[in-house]
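Visitor: First the structure, then my questions, so here it is.
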Amino acid sequence: MAAILSIQNLRKSYAGGFEALKGVNLDIEEGEIIALLGPNGAGKTTLISTVCGITMPTSGSVTVAGYDILDNYRQARSQIGLVPQEIALEPFEKVINTVRFSRGLFGKSRKDSAVEDILKRLSLWDKRDNQIRELSGGMKRRVLIAKALAHEPRVLFLDEPTAGVDVELRKDMWEIVEQLRADGVTTILTTHYIEEAEAIADRVGVINKGDILLVEDKDTLMARMGRKQLDVQLTTQLDAVPDALSLYDLRLADDGWTLSYSYDVNAERTGITKLLNDVQEVGLQLRDVVTRQSSLEDIFVSLVNEPEEVA
Ligand SMILES: Nc1ncnc2c1ncn2[C@@H]1O[C@H](COP(=O)(O)OP(=O)(O)OP(=O)(O)O)[C@@H](O)[C@H]1O
Ligand SMILES: [Mg+2]
């Protein structure tokens with residue numbers, strides 16, 4: 001199946017020469033939900049703005065549903081809904097009008113049933129006649145999504161949709177994205193919240209300093225890079241890891257009560273049984289043993305914190 005969004009070797013240098021995108025390649029299939037994770041300044045908003053035609057690419061190409069974003073700008077743009085990172089709404093406008101207006105901007109004929117459907121889906125129908133300034137912050141975020149959906153796009157960009165919103169609304173957003181998928185809408189969202197990527201994405205991309213470091217199926221990523229940690233809680237406090245256990249590469253907790261052992265979940269031999277034996281051999285008593293799965297967060301931090309290359 002052809003990709004609904006295809007980004008080839010996309011570069012963006014801002015005036016002044018700063019290179020915010022350094023040759024990004026990314027193909028996204030229809031109906032996918034992909035989360036782009038990356039620290040502040042990684043280039044996430046630049047990537048979205050370039051695809052949406054808000055900033056001009058320096059080189060490379062992007063097609064949306066087969067339309068080139070430069071050669072077929074209008075067709076390409078009409079396939080895309082964008083929820084920007086910053087809330088920018090007209091405070092005195094009524095909710096329903098602002099959504100109608102967004103639809104009209106794309107040259108779509110007025111279709112009240114479509115607007116009604118979108119407002120209901122976002123639980124804004126009751127607020128349709130309220131002015132924007134009368135809404136809570138979370139409701140304003142929903143209005144941004146409603147506006148982005150007003151022209152019935154096939155690809156939705158959400159630039160940090162849940163920054164600063166409460167847990168309830170965050171979960172609502174995830175549900176909205178999931179429902180949109182059922183209608184065939186492809187969603188690309190950026191986030192700083194790893195649990196967000198973990199919760200809703202099919203694929204996760206990690207972007208840092210203008211480069212995509214990795215794009216992978218979320219489950220594969222977690223299985224491939226996933227490690228588990230075994231915490232051995234002791235009945236005595238230690239100053240250092242006993243020499244007799246040095247072959248295990250253990251970490252002693254700051255308080256001296258716990259030894260941590262990291263192992264590969266997929267390895268044939270994890271070494272746990274031998275470790276626990278050896279711990280007792282050196283005369284230590286176990287109070288408890290706890291394991292925890294390393295999360296996407298651990299993976300992300302280890303990727304983004306790779307040591308700087310020396311030029
Ligand atoms: N209009 C601009 N002119 C010059 N540099 C810019 C401009 N917009 C962004 N940049 C720079 O490009 C880099 C990437 O910025 P961008 O906004 O894409 O990051 P981001 O990943 O969205 O970060 P955040 O998570 O903080 O939103 C940053 O170093 C930023 O300062
Ligand atoms: Mg941004």
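Numbering starts fresh at 1 for the residues of each chain in the structure tokens, the chains themselves are lettered A, B, ... in the order given, and ligands are numbered from 1 as they appear.
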Which residues are near Val215 of chain A? Cut-off 7 Å, only C-alpha atoms, ignore same chain within fewer than 6 positions. Put them as a list in words.
Guide: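 Here the qualifying residues turn out to be Arg203, Val204, Gly205 and Val206 of chain A.
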Visitor: Let's have the selection written as an mmCIF file, in the first residue's frame, with N, CA, C and O atoms.
Guide:
```cif
data_model
loop_
_atom_site.group_PDB
_atom_site.id
_atom_site.type_symbol
_atom_site.label_atom_id
_atom_site.label_comp_id
_atom_site.auth_asym_id
_atom_site.auth_seq_id
_atom_site.Cartn_x
_atom_site.Cartn_y
_atom_site.Cartn_z
ATOM 1 N N ARG A 203 3.372 3.117 15.957
ATOM 2 C CA ARG A 203 4.812 3.247 15.750
ATOM 3 C C ARG A 203 5.302 4.467 16.510
ATOM 4 O O ARG A 203 4.567 5.435 16.706
ATOM 5 N N VAL A 204 6.554 4.411 16.872
ATOM 6 C CA VAL A 204 7.161 5.508 17.609
ATOM 7 C C VAL A 204 8.398 5.959 16.838
ATOM 8 O O VAL A 204 9.199 5.140 16.403
ATOM 9 N N GLY A 205 8.495 7.258 16.656
ATOM 10 C CA GLY A 205 9.702 7.821 16.062
ATOM 11 C C GLY A 205 10.394 8.663 17.111
ATOM 12 O O GLY A 205 9.735 9.339 17.901
ATOM 13 N N VAL A 206 11.700 8.578 17.137
ATOM 14 C CA VAL A 206 12.451 9.430 18.068
ATOM 15 C C VAL A 206 13.247 10.416 17.242
ATOM 16 O O VAL A 206 13.972 10.043 16.321
#
```
Visitor: Quick one: residues within 10 Å of Glu281 of chain A, only C-alpha atoms counted, chain neighbours fewer than 5 positions away excluded, as a short mmCIF file (atom, residue, chain, number, x, y, z; two decimals) with C-alpha atoms, in the first residue's frame?
Guide:
```cif
data_model
loop_
_atom_site.label_atom_id
_atom_site.label_comp_id
_atom_site.auth_asym_id
_atom_site.auth_seq_id
_atom_site.Cartn_x
_atom_site.Cartn_y
_atom_site.Cartn_z
CA ALA A 244 32.49 -12.12 44.81
CA LEU A 245 29.55 -10.68 42.82
CA LEU A 275 22.83 -14.61 40.84
CA LEU A 276 20.37 -15.34 43.63
#
```
Visitor: Counting only C-alpha atoms, which residues of segment 202-280 of chain A sit at most 6 Å from some atom of segment 39-55 of chain A, and what is each one's closest atom pair with its distance in Å to one decimal, listed by chain and rising residue number, as a Markdown table?
Guide:
```
| residue | atom | partner | partner_atom | distance |
| --- | --- | --- | --- | --- |
| A:Asn208 | CA | A:Ala42 | CA | 4.5 |
| A:Lys209 | CA | A:Ala42 | CA | 4.6 |
| A:Gly210 | CA | A:Gly43 | CA | 5.2 |
```
Visitor: Could you write out that same residue set with C-alpha atoms as a short mmCIF file (atom, residue, chain, number, x, y, z; two decimals), in the first residue's frame?
Guide:
```
data_model
loop_
_atom_site.label_atom_id
_atom_site.label_comp_id
_atom_site.auth_asym_id
_atom_site.auth_seq_id
_atom_site.Cartn_x
_atom_site.Cartn_y
_atom_site.Cartn_z
CA ASN A 208 16.67 14.67 18.13
CA LYS A 209 18.63 17.62 16.74
CA GLY A 210 16.87 17.46 13.39
#
```
Visitor: Which neighbours of Arg141 of chain A fall inside 10 Å, counting only C-alpha atoms, when residues of the same chain fewer than 5 positions from it are skipped, and could you give them as a ChimeraX atom specification?
Guide: /A:83-89,122,135-136,146-147,161-163,165,169,173
Visitor: Skipping near chain neighbours, those fewer than 4 positions away, what residues fall within 12 Å of Lys111 of chain A using only C-alpha atoms, listed as a list in words?
Guide: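 What passes the distance filter is Ile96, Val99, Arg100, Phe101, Ser102, Arg103, Gly104, Gly107, Val115, Glu116, Asp117, Ile118, Ala150, His151 and Glu152 of chain A.
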Visitor: Would you list the contacts of Leu214 of chain A as a PDB file with N, CA and C atoms, in the first residue's frame, taking every protein, DNA or RNA residue within 12 Å and counting only C-alpha atoms, but skipping same-chain residues closer than 6 positions in sequence?
Guide:
```pdb
ATOM      1  N   VAL A  24      15.274  14.278   6.799  1.00  0.00           N
ATOM      2  CA  VAL A  24      14.320  13.365   7.445  1.00  0.00           C
ATOM      3  C   VAL A  24      13.628  12.492   6.402  1.00  0.00           C
ATOM      4  N   ASN A  25      13.577  11.208   6.667  1.00  0.00           N
ATOM      5  CA  ASN A  25      12.837  10.257   5.829  1.00  0.00           C
ATOM      6  C   ASN A  25      11.792   9.569   6.687  1.00  0.00           C
ATOM      7  N   LEU A  26      10.565   9.568   6.198  1.00  0.00           N
ATOM      8  CA  LEU A  26       9.498   8.940   6.981  1.00  0.00           C
ATOM      9  C   LEU A  26       8.317   8.636   6.064  1.00  0.00           C
ATOM     10  N   ALA A  35       3.664   8.320  16.919  1.00  0.00           N
ATOM     11  CA  ALA A  35       4.059   9.335  17.902  1.00  0.00           C
ATOM     12  C   ALA A  35       5.510   9.711  17.668  1.00  0.00           C
ATOM     13  N   LEU A  36       5.758  11.020  17.593  1.00  0.00           N
ATOM     14  CA  LEU A  36       7.129  11.501  17.480  1.00  0.00           C
ATOM     15  C   LEU A  36       7.564  12.030  18.835  1.00  0.00           C
ATOM     16  N   LEU A  37       8.570  11.400  19.365  1.00  0.00           N
ATOM     17  CA  LEU A  37       9.098  11.806  20.662  1.00  0.00           C
ATOM     18  C   LEU A  37      10.397  12.556  20.429  1.00  0.00           C
ATOM     19  N   GLY A  38      10.614  13.575  21.208  1.00  0.00           N
ATOM     20  CA  GLY A  38      11.890  14.269  21.087  1.00  0.00           C
ATOM     21  C   GLY A  38      11.946  15.413  22.063  1.00  0.00           C
ATOM     22  N   ARG A 203       3.372   3.117  15.957  1.00  0.00           N
ATOM     23  CA  ARG A 203       4.812   3.247  15.750  1.00  0.00           C
ATOM     24  C   ARG A 203       5.302   4.467  16.510  1.00  0.00           C
ATOM     25  N   VAL A 204       6.554   4.411  16.872  1.00  0.00           N
ATOM     26  CA  VAL A 204       7.161   5.508  17.609  1.00  0.00           C
ATOM     27  C   VAL A 204       8.398   5.959  16.838  1.00  0.00           C
ATOM     28  N   GLY A 205       8.495   7.258  16.656  1.00  0.00           N
ATOM     29  CA  GLY A 205       9.702   7.821  16.062  1.00  0.00           C
ATOM     30  C   GLY A 205      10.394   8.663  17.111  1.00  0.00           C
ATOM     31  N   VAL A 206      11.700   8.578  17.137  1.00  0.00           N
ATOM     32  CA  VAL A 206      12.451   9.430  18.068  1.00  0.00           C
ATOM     33  C   VAL A 206      13.247  10.416  17.242  1.00  0.00           C
ATOM     34  N   ILE A 207      13.048  11.687  17.535  1.00  0.00           N
ATOM     35  CA  ILE A 207      13.723  12.737  16.780  1.00  0.00           C
ATOM     36  C   ILE A 207      14.566  13.559  17.740  1.00  0.00           C
ATOM     37  N   ASN A 208      15.777  13.868  17.304  1.00  0.00           N
ATOM     38  CA  ASN A 208      16.670  14.673  18.132  1.00  0.00           C
ATOM     39  C   ASN A 208      17.589  15.468  17.231  1.00  0.00           C
ATOM     40  N   LEU A 221       9.815  -2.434  19.294  1.00  0.00           N
ATOM     41  CA  LEU A 221      10.819  -1.583  19.938  1.00  0.00           C
ATOM     42  C   LEU A 221      10.974  -1.969  21.403  1.00  0.00           C
ATOM     43  N   ILE A 299      14.281   3.594  27.162  1.00  0.00           N
ATOM     44  CA  ILE A 299      14.800   3.475  25.803  1.00  0.00           C
ATOM     45  C   ILE A 299      15.049   4.860  25.216  1.00  0.00           C
ATOM     46  N   PHE A 300      14.073   5.718  25.418  1.00  0.00           N
ATOM     47  CA  PHE A 300      14.151   7.081  24.885  1.00  0.00           C
ATOM     48  C   PHE A 300      15.339   7.835  25.484  1.00  0.00           C
ATOM     49  N   LEU A 303      18.597   6.709  24.106  1.00  0.00           N
ATOM     50  CA  LEU A 303      18.839   7.133  22.715  1.00  0.00           C
ATOM     51  C   LEU A 303      19.243   8.597  22.629  1.00  0.00           C
ATOM     52  N   VAL A 304      18.493   9.424  23.336  1.00  0.00           N
ATOM     53  CA  VAL A 304      18.696  10.861  23.219  1.00  0.00           C
ATOM     54  C   VAL A 304      19.958  11.298  23.951  1.00  0.00           C
TER      55      VAL A 304
END
```
Visitor: From the DSSP assignment of the backbone, select every residue of segment 76-231 of chain A that is strand (DSSP E), and format the answer as a PyMOL selection string.
Guide: chain A and resi 80-83+155-159+186-191+203-208+211-217+227-231
Visitor: Write the residues of the preceding selection, restricted to N, CA and C atoms, as a compact mmCIF listing (two decimals), in the first residue's frame.
Guide:
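File produced: result_13.txt:
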```txt
# COMPACT_ATOMS: atom_id res chain seq x y z
N ILE A 80 -4.92 17.53 5.02
CA ILE A 80 -4.28 17.62 6.34
C ILE A 80 -5.08 18.47 7.31
N GLY A 81 -5.22 17.97 8.53
CA GLY A 81 -5.72 18.78 9.63
C GLY A 81 -4.57 19.02 10.59
N LEU A 82 -4.48 20.24 11.08
CA LEU A 82 -3.36 20.57 11.97
C LEU A 82 -3.86 21.15 13.28
N VAL A 83 -3.45 20.54 14.37
CA VAL A 83 -3.69 21.11 15.69
C VAL A 83 -2.37 21.67 16.17
N VAL A 155 -5.40 13.11 7.14
CA VAL A 155 -4.19 13.05 7.97
C VAL A 155 -4.29 14.14 9.02
N LEU A 156 -4.12 13.76 10.26
CA LEU A 156 -4.23 14.73 11.35
C LEU A 156 -2.89 14.86 12.07
N PHE A 157 -2.42 16.09 12.18
CA PHE A 157 -1.22 16.35 12.97
C PHE A 157 -1.63 16.97 14.29
N LEU A 158 -1.14 16.39 15.35
CA LEU A 158 -1.40 16.94 16.68
C LEU A 158 -0.05 17.29 17.29
N ASP A 159 0.21 18.58 17.42
CA ASP A 159 1.51 19.00 17.95
C ASP A 159 1.37 19.21 19.46
N THR A 186 -5.41 9.09 9.64
CA THR A 186 -4.04 8.81 10.05
C THR A 186 -3.61 9.92 11.00
N THR A 187 -2.99 9.57 12.11
CA THR A 187 -2.62 10.60 13.07
C THR A 187 -1.12 10.59 13.36
N ILE A 188 -0.55 11.78 13.31
CA ILE A 188 0.85 11.96 13.69
C ILE A 188 0.84 12.92 14.85
N LEU A 189 1.33 12.48 16.00
CA LEU A 189 1.33 13.39 17.13
C LEU A 189 2.73 13.50 17.70
N THR A 190 3.01 14.69 18.22
CA THR A 190 4.28 14.86 18.91
C THR A 190 3.97 14.93 20.39
N THR A 191 4.91 14.49 21.16
CA THR A 191 4.65 14.49 22.60
C THR A 191 5.95 14.43 23.39
N ARG A 203 3.37 3.12 15.96
CA ARG A 203 4.81 3.25 15.75
C ARG A 203 5.30 4.47 16.51
N VAL A 204 6.55 4.41 16.87
CA VAL A 204 7.16 5.51 17.61
C VAL A 204 8.40 5.96 16.84
N GLY A 205 8.49 7.26 16.66
CA GLY A 205 9.70 7.82 16.06
C GLY A 205 10.39 8.66 17.11
N VAL A 206 11.70 8.58 17.14
CA VAL A 206 12.45 9.43 18.07
C VAL A 206 13.25 10.42 17.24
N ILE A 207 13.05 11.69 17.54
CA ILE A 207 13.72 12.74 16.78
C ILE A 207 14.57 13.56 17.74
N ASN A 208 15.78 13.87 17.30
CA ASN A 208 16.67 14.67 18.13
C ASN A 208 17.59 15.47 17.23
N ASP A 211 17.33 15.09 13.41
CA ASP A 211 17.46 13.76 12.81
C ASP A 211 16.44 12.81 13.41
N ILE A 212 15.90 11.94 12.55
CA ILE A 212 15.09 10.86 13.10
C ILE A 212 16.05 9.74 13.48
N LEU A 213 16.11 9.45 14.76
CA LEU A 213 17.07 8.45 15.23
C LEU A 213 16.54 7.04 15.02
N LEU A 214 15.22 6.95 15.04
CA LEU A 214 14.64 5.61 14.97
C LEU A 214 13.14 5.73 14.74
N VAL A 215 12.59 4.85 13.92
CA VAL A 215 11.15 4.74 13.80
C VAL A 215 10.85 3.25 13.85
N GLU A 216 10.04 2.86 14.78
CA GLU A 216 9.82 1.44 14.91
C GLU A 216 8.45 1.14 15.47
N ASP A 217 7.98 -0.02 15.11
CA ASP A 217 6.77 -0.55 15.69
C ASP A 217 6.95 -0.55 17.21
N ARG A 227 14.54 -4.29 28.55
CA ARG A 227 15.30 -5.07 29.52
C ARG A 227 14.49 -5.07 30.80
N LYS A 228 14.79 -6.04 31.60
CA LYS A 228 14.15 -6.05 32.90
C LYS A 228 15.19 -5.79 33.97
N GLN A 229 14.70 -5.27 35.06
CA GLN A 229 15.60 -5.05 36.18
C GLN A 229 15.12 -5.87 37.37
N LEU A 230 16.08 -6.53 37.97
CA LEU A 230 15.77 -7.32 39.16
C LEU A 230 16.38 -6.58 40.36
N ASP A 231 15.54 -6.23 41.30
CA ASP A 231 16.04 -5.57 42.52
C ASP A 231 16.05 -6.58 43.65
```
Visitor: From the options A:Tyr67, A:Met139, A:Leu21, A:His192, which residue's atoms come nearest to ligand 2, counting only C-alpha atoms and all ligand atoms?
Guide: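 Of A:Tyr67, A:Met139, A:Leu21, A:His192, the one nearest ligand 2, counting only C-alpha atoms and all ligand atoms, is A:His192.
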Visitor: Could you pull the residues within 7 Å of Ser61 of chain A, counting only C-alpha atoms, minus those fewer than 5 positions along the same chain, as a tab-separated table (two decimals) with N, CA and C atoms, in the first residue's frame?
Guide:
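Contents of the output file around_14.tsv:
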```tsv
chain	number	residue	atom	x	y	z
A	7	ILE	N	7.76	11.38	3.34
A	7	ILE	CA	8.74	12.45	3.55
A	7	ILE	C	10.10	11.91	3.11
A	8	GLN	N	10.69	12.57	2.14
A	8	GLN	CA	11.96	12.08	1.59
A	8	GLN	C	13.05	13.12	1.76
A	9	ASN	N	14.06	12.76	2.51
A	9	ASN	CA	15.27	13.56	2.65
A	9	ASN	C	14.98	15.04	2.89
A	10	LEU	N	14.10	15.29	3.80
A	10	LEU	CA	13.63	16.66	4.06
A	10	LEU	C	14.63	17.44	4.92
```
Visitor: May I ask which of the residues A:Ala20, A:Ala3, A:Leu124, A:Ala240 is the closest one to ligand 1, counting only C-alpha atoms and all ligand atoms?
Guide: A:Ala20
